[in-house]
Structures are given as C-alpha cells and as structure tokens.
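One structure is given below, encoded as structure tokens.
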Amino acid sequence: MTTIQTDQDNYLVVQNLVKWFGNDRAVDDVSFSIPKGHFLTLLGPSGCGKTTTLMSIAGLHSIDSGEIRVGDVVYTSPEQGIFMAPENRDIGMVFQSYAIWPHMTVSQNVAYPLEIRKVAQSEIDDRVAAVLKLVGLTDMAEKMATQLSGGQQQRASLARAIVSQPRLLLFDEPLSNLDLKLREQMRVELKRIQNEVGITSIYVTHDQSEALVMSDDIIVMSKGKIEQTGGPLEIYSRPVNGYVSNFIGVANLLKGQVLEANGNGLGRVRISEGGKDIEVDCKIGVGLEQGSDAIISVRPENVEAVREKGNGASLEGEVMEAIFLGNYVDCRIQWGTFEWKVIAHPRTRLRSGEKVYLYLDPDHTLAVQP
Ligand code: ATP
C-alpha cells in the first residue's frame, strides 16, 4: 500500500481522473479534493460523467489515468499499478434503488456490514440500535424490509451504509424514486444525519435544488469536465459561465460585450439581444476583459418590473403573462424579441398586456463567459 502525506483539507483527492468507454471520454481530466467531513455534490445533466466519477472512487470501475486517494491511502493509480479492491476501500454506498435485502428484517439488514467484519454481537446490537434511532426507524427494527415504504427503505439503506463508520459515503441519486414531498423532507433529513455522523460524503444528482440545499461544495459537470466548483451560494450568485448559470436555477441570459472592466469586479456591458442594444452597469465575472464577448445573466428575482420609467428602470417591455402563485407572481415580459422571466411581488398587481419598465440592479446583473 502506497502512502502519501496529506492533511485534513485534502481528505479525498481525485487527480486528473480520465475514464474512457470505447471512444467516449466519459470523465475527462477531472481533479478535486474534499476536506474531511464535507458533503460534496457532483451535479450535472445525464451523461456528464458524475456516476462514472463516483464508481471510480468506489472501485467499481477501473480508470485509464489519474489517481484517487483517501487520507494517506492510494486507492487507484494506474500509473503506479495500484487498484484497491472495492471491498477494501471502506466505503458506504446508497443508491437510487434501495438495495436492501428483502428476506431480512430491518435490523438484520443494518447489522450485516458489522457481521461480515466479525464485530462482537453486543457491539452490533448497540450500534444497530443507535443508527436506527438516528434515521428514525427504531420502531421498524423487526419488520421485514419489504414492509417498509420507499422513504423508510432509503433510511434503512442509509443506516446500513453508515453503521460501520466508513471513511467515505457515496450517494447516487438516492432520492429520485421518492415523490416530491418526501424528497424535500429527506434532503434535509439526510443532510442532518450526515452532519451528525460527520462522514465525508459525495452525492451525485442532476437536481440543482437538491444540490443547493444539501452541499458544502458543489461541482458542476458537463461532458466529462468540471465547469465550476464552489459553495452553493457562490455557484448560484457567481456562476462562471452561461452553462452553470442556466443549469443552477433559472436565469435570463443575454448576449453582450464588455465595454469596461474596472478591475474591482464591476464594469459596463453592451447587451445586444432581441433586436435591442443597450448599455448597463454590472458585475464582471472571472476571465472577462474589455472587448470580451459575454453572457449577461440576471435571475428572475433580480429583475424589477415597474409601471413608471425612471430610477434606472429603462427597458420598456410588455407583460405577456403574469401568473399569481400566492407569494409571488411569475411573469413573462416581452422586450423586442427577447422574453424576460421575472418574479414580481404580488402587490405589483401586474397584468397581461401592460407596458412596464425593467430595472436591472448592477449588483445582481452578472457578465459571465459565454
Ligand atoms: P446519469 O445521471 O444519466 O447516470 P451521469 O452524469 O452519471 O449520467 P455517466 O453515467 O457517468 O453520466 O456516463 C458518462 C458517459 O459514459 C455517458 O456518455 C455514458 O453513456 C457513458 N457510459 C457510462 N457507463 C458506461 C458503460 N458501462 N459502458 C459504456 N459507456 C458508459
């Protein structure tokens, strides 16, 4: 076993990971690291390489090049001829399918990883009772696994994954078989449990709200590559490009060009979109300079629609649709051939067909790389 000096900030390290399937480069030179105890989400559309990255960490895939290590232990390194068998990696996994054994009770399912490790029976009993309490299944301990609901089965899988206190916990879309309400409850619950047990976790999903709610860090992937790494707020409010901006939540994305970049992150852009041409002050994202082509990204909640021109509200548009949704109004506003998505406060009482002026707050208008 090869060991490397490491620190708590680089607990799991994935370096230059490359995985080919035939002529397909499913993971294309991916590098990241996670501090001990953190919850990292790999987020991206179907086929972007999230699961392949996860499976490579689990040792369920070989890799073509790169290195994966946890703590000071190298798990996989083709260059060094190292491939640790999955069962020796000390990893807990929770999948989309619950993968619990139907012929066993809940507590037998949860006890299983400890039994194969030959842990003493009294310790098994204590630890199983403790994790069942943690996941809220104490009353179900003696039920057959098949008697549980989907949400309960997923709690049982989680209990089984954490009972042996593995070095890493891997989740592959674990909530996607549950209905929306349960999924929303389970997000919070799962995060609470992970926080309590403190096991370093990697979570794969294509659901951006799941990623925003649960993660300490998010990696947004596309076509086998990393587009951006950062905390939820950073990814949402400072996306590095149009792809991330669009993938994480809803955004108005307009073509433009940087006129001024003041070095302090502020500047001015020309928006050329929908047959219109206007200049606005905004934040200038990384990698942009004067003259760069850019995408101007404004979230619907950051566009203000008012009836009077003035105070910076200068883009004249027409309300095409205003749907009242209780605490907000979801609007579509036509501006030339461009359609703005706007979230308005109910007291604005916007109506279809009305003329409005849009105000783009420079602090929330962001120029990013195309
Ligand atoms: P999903 O959410 O749909 O699972 P993903 O982002 O997890 O998507 P991967 O499953 O990692 O994506 O797939 C990445 C690419 O590798 C895709 O083009 C996929 O078709 C291909 N791929 C994945 N597994 C295999 C395999 N076992 N054999 C051949 N190609 C594969």
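Letters A, B, ... go to the chains of the structure tokens in the order shown; residues in each chain start at 1; ligands are counted from 1 in the same order.
Neighbours of Ile34 of chain A closer than or equal to 8 Å, with only C-alpha atoms counted and sequence neighbours fewer than 6 positions away skipped, come out as Asp9, Asn10, Tyr11, Leu12, Val13, Leu40 and Thr200 of chain A.
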Using only C-alpha atoms and all ligand atoms, what does the table of chain A residues within 7 Å of ligand 1 look like, with each row giving the shortest atom pair and its distance in Å to one decimal, sorted by chain and ascending number, as a tab-separated table?
```
residue	atom	partner	partner_atom_place_in_ligand_line	distance
A:Phe21	CA	ligand 1	29 (C)	4.8
A:Gly22	CA	ligand 1	29 (C)	6.9
A:Asp24	CA	ligand 1	18 (O)	6.5
A:Ala26	CA	ligand 1	16 (O)	4.2
A:Val27	CA	ligand 1	14 (C)	7.0
A:Gly44	CA	ligand 1	6 (O)	6.1
A:Pro45	CA	ligand 1	6 (O)	5.8
A:Ser46	CA	ligand 1	3 (O)	3.6
A:Gly47	CA	ligand 1	12 (O)	3.3
A:Cys48	CA	ligand 1	6 (O)	3.7
A:Gly49	CA	ligand 1	11 (O)	3.2
A:Lys50	CA	ligand 1	7 (O)	4.0
A:Thr51	CA	ligand 1	7 (O)	3.5
A:Thr52	CA	ligand 1	11 (O)	3.6
A:Thr53	CA	ligand 1	11 (O)	6.4
A:Thr205	CA	ligand 1	2 (O)	6.8
A:His206	CA	ligand 1	2 (O)	6.4
A:Gly224	CA	ligand 1	14 (C)	6.8
```
Query - Picked from segment 247-361 of chain A by DSSP as helix (DSSP H, G or I), as a list in words - result: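 Assigned to helix (DSSP H, G or I), within segment 247-361 of chain A: Phe247, Pro300, Glu301, Asn302, Pro346, Arg347 and Thr348 of chain A.
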File dump, residues just selected, N, CA and C atoms, as a PDB file, in the first residue's frame:
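The resulting part_24.pdb:
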```pdb
ATOM      1  N   PHE A 247     -27.902  26.155 -15.670  1.00  0.00           N
ATOM      2  CA  PHE A 247     -28.154  24.860 -15.041  1.00  0.00           C
ATOM      3  C   PHE A 247     -28.600  25.017 -13.589  1.00  0.00           C
ATOM      4  N   PRO A 300     -34.465  35.820 -12.378  1.00  0.00           N
ATOM      5  CA  PRO A 300     -35.815  36.414 -12.436  1.00  0.00           C
ATOM      6  C   PRO A 300     -36.171  37.222 -11.185  1.00  0.00           C
ATOM      7  N   GLU A 301     -35.658  36.790 -10.020  1.00  0.00           N
ATOM      8  CA  GLU A 301     -35.996  37.507  -8.792  1.00  0.00           C
ATOM      9  C   GLU A 301     -35.231  38.824  -8.676  1.00  0.00           C
ATOM     10  N   ASN A 302     -34.261  39.034  -9.575  1.00  0.00           N
ATOM     11  CA  ASN A 302     -33.465  40.259  -9.530  1.00  0.00           C
ATOM     12  C   ASN A 302     -33.828  41.253 -10.636  1.00  0.00           C
ATOM     13  N   PRO A 346     -46.469  40.147  -5.307  1.00  0.00           N
ATOM     14  CA  PRO A 346     -47.909  40.191  -5.617  1.00  0.00           C
ATOM     15  C   PRO A 346     -48.484  41.608  -5.575  1.00  0.00           C
ATOM     16  N   ARG A 347     -47.908  42.493  -4.738  1.00  0.00           N
ATOM     17  CA  ARG A 347     -48.528  43.822  -4.629  1.00  0.00           C
ATOM     18  C   ARG A 347     -48.312  44.669  -5.896  1.00  0.00           C
ATOM     19  N   THR A 348     -47.427  44.229  -6.795  1.00  0.00           N
ATOM     20  CA  THR A 348     -47.262  44.974  -8.055  1.00  0.00           C
ATOM     21  C   THR A 348     -48.490  44.821  -8.954  1.00  0.00           C
TER      22      THR A 348
END
```
Report task. Just the strand (DSSP E) stuff from segment 267-335 of chain A, please, per backbone DSSP, written as number ranges by chain. Result -> A: 267-273, 276-284, 293-298, 303-306, 315-324, 329-335
Query raised in the report: Hey, what's within 10 Å of Val250 of chain A if we count only C-alpha atoms and toss same-chain stuff fewer than 3 positions away? As a count of residues only, please?
Result: 11
Report summary line: Restricting to only C-alpha atoms, whichever of A:Lys283, A:Arg160, A:Arg238, A:Lys191 is closest to Val128 of chain A is A:Arg160
Any chance you could tabulate, as a Markdown table, the residues of segment 252-292 of chain A at most 10 Å from segment 311-331 of chain A with each one's nearest atom pair and distance in Å to one decimal, using only C-alpha atoms, in chain and rising number order?
```
| residue | atom | partner | partner_atom | distance |
| --- | --- | --- | --- | --- |
| A:Lys276 | CA | A:Leu315 | CA | 9.6 |
| A:Ile278 | CA | A:Leu315 | CA | 8.6 |
| A:Val280 | CA | A:Gly312 | CA | 9.6 |
```
Report task. Determine, counting only C-alpha atoms, which protein, DNA and RNA residues have an atom within 8 Å of an atom of Glu273 of chain A; residues of the same chain fewer than 4 positions away are not included. Present the result as a ChimeraX atom specification. Result -> /A:254-256,277,337-338
I need the chosen residues saved as a PDB file, in the first residue's frame, with N, CA and C atoms.
```
ATOM      1  N   LEU A 254     -28.460  36.866 -21.734  1.00  0.00           N
ATOM      2  CA  LEU A 254     -28.488  37.735 -22.916  1.00  0.00           C
ATOM      3  C   LEU A 254     -27.076  37.882 -23.472  1.00  0.00           C
ATOM      4  N   LYS A 255     -26.998  38.000 -24.793  1.00  0.00           N
ATOM      5  CA  LYS A 255     -25.677  38.163 -25.421  1.00  0.00           C
ATOM      6  C   LYS A 255     -25.199  39.595 -25.247  1.00  0.00           C
ATOM      7  N   GLY A 256     -23.888  39.761 -25.083  1.00  0.00           N
ATOM      8  CA  GLY A 256     -23.366  41.118 -24.935  1.00  0.00           C
ATOM      9  C   GLY A 256     -21.865  41.173 -25.079  1.00  0.00           C
ATOM     10  N   ASP A 277     -30.258  47.093 -28.259  1.00  0.00           N
ATOM     11  CA  ASP A 277     -28.863  47.387 -27.989  1.00  0.00           C
ATOM     12  C   ASP A 277     -28.827  48.382 -26.840  1.00  0.00           C
ATOM     13  N   THR A 337     -37.497  40.927 -29.325  1.00  0.00           N
ATOM     14  CA  THR A 337     -37.849  39.507 -29.485  1.00  0.00           C
ATOM     15  C   THR A 337     -37.401  38.687 -28.275  1.00  0.00           C
ATOM     16  N   PHE A 338     -36.858  39.353 -27.254  1.00  0.00           N
ATOM     17  CA  PHE A 338     -36.395  38.626 -26.067  1.00  0.00           C
ATOM     18  C   PHE A 338     -37.507  38.588 -25.020  1.00  0.00           C
TER      19      PHE A 338
END
```
Report summary line: Using only C-alpha atoms, the shortest atom-to-atom distance to Glu339 of chain A among A:Trp101, A:Asn252, A:Asp363, A:Val213 belongs to A:Asn252
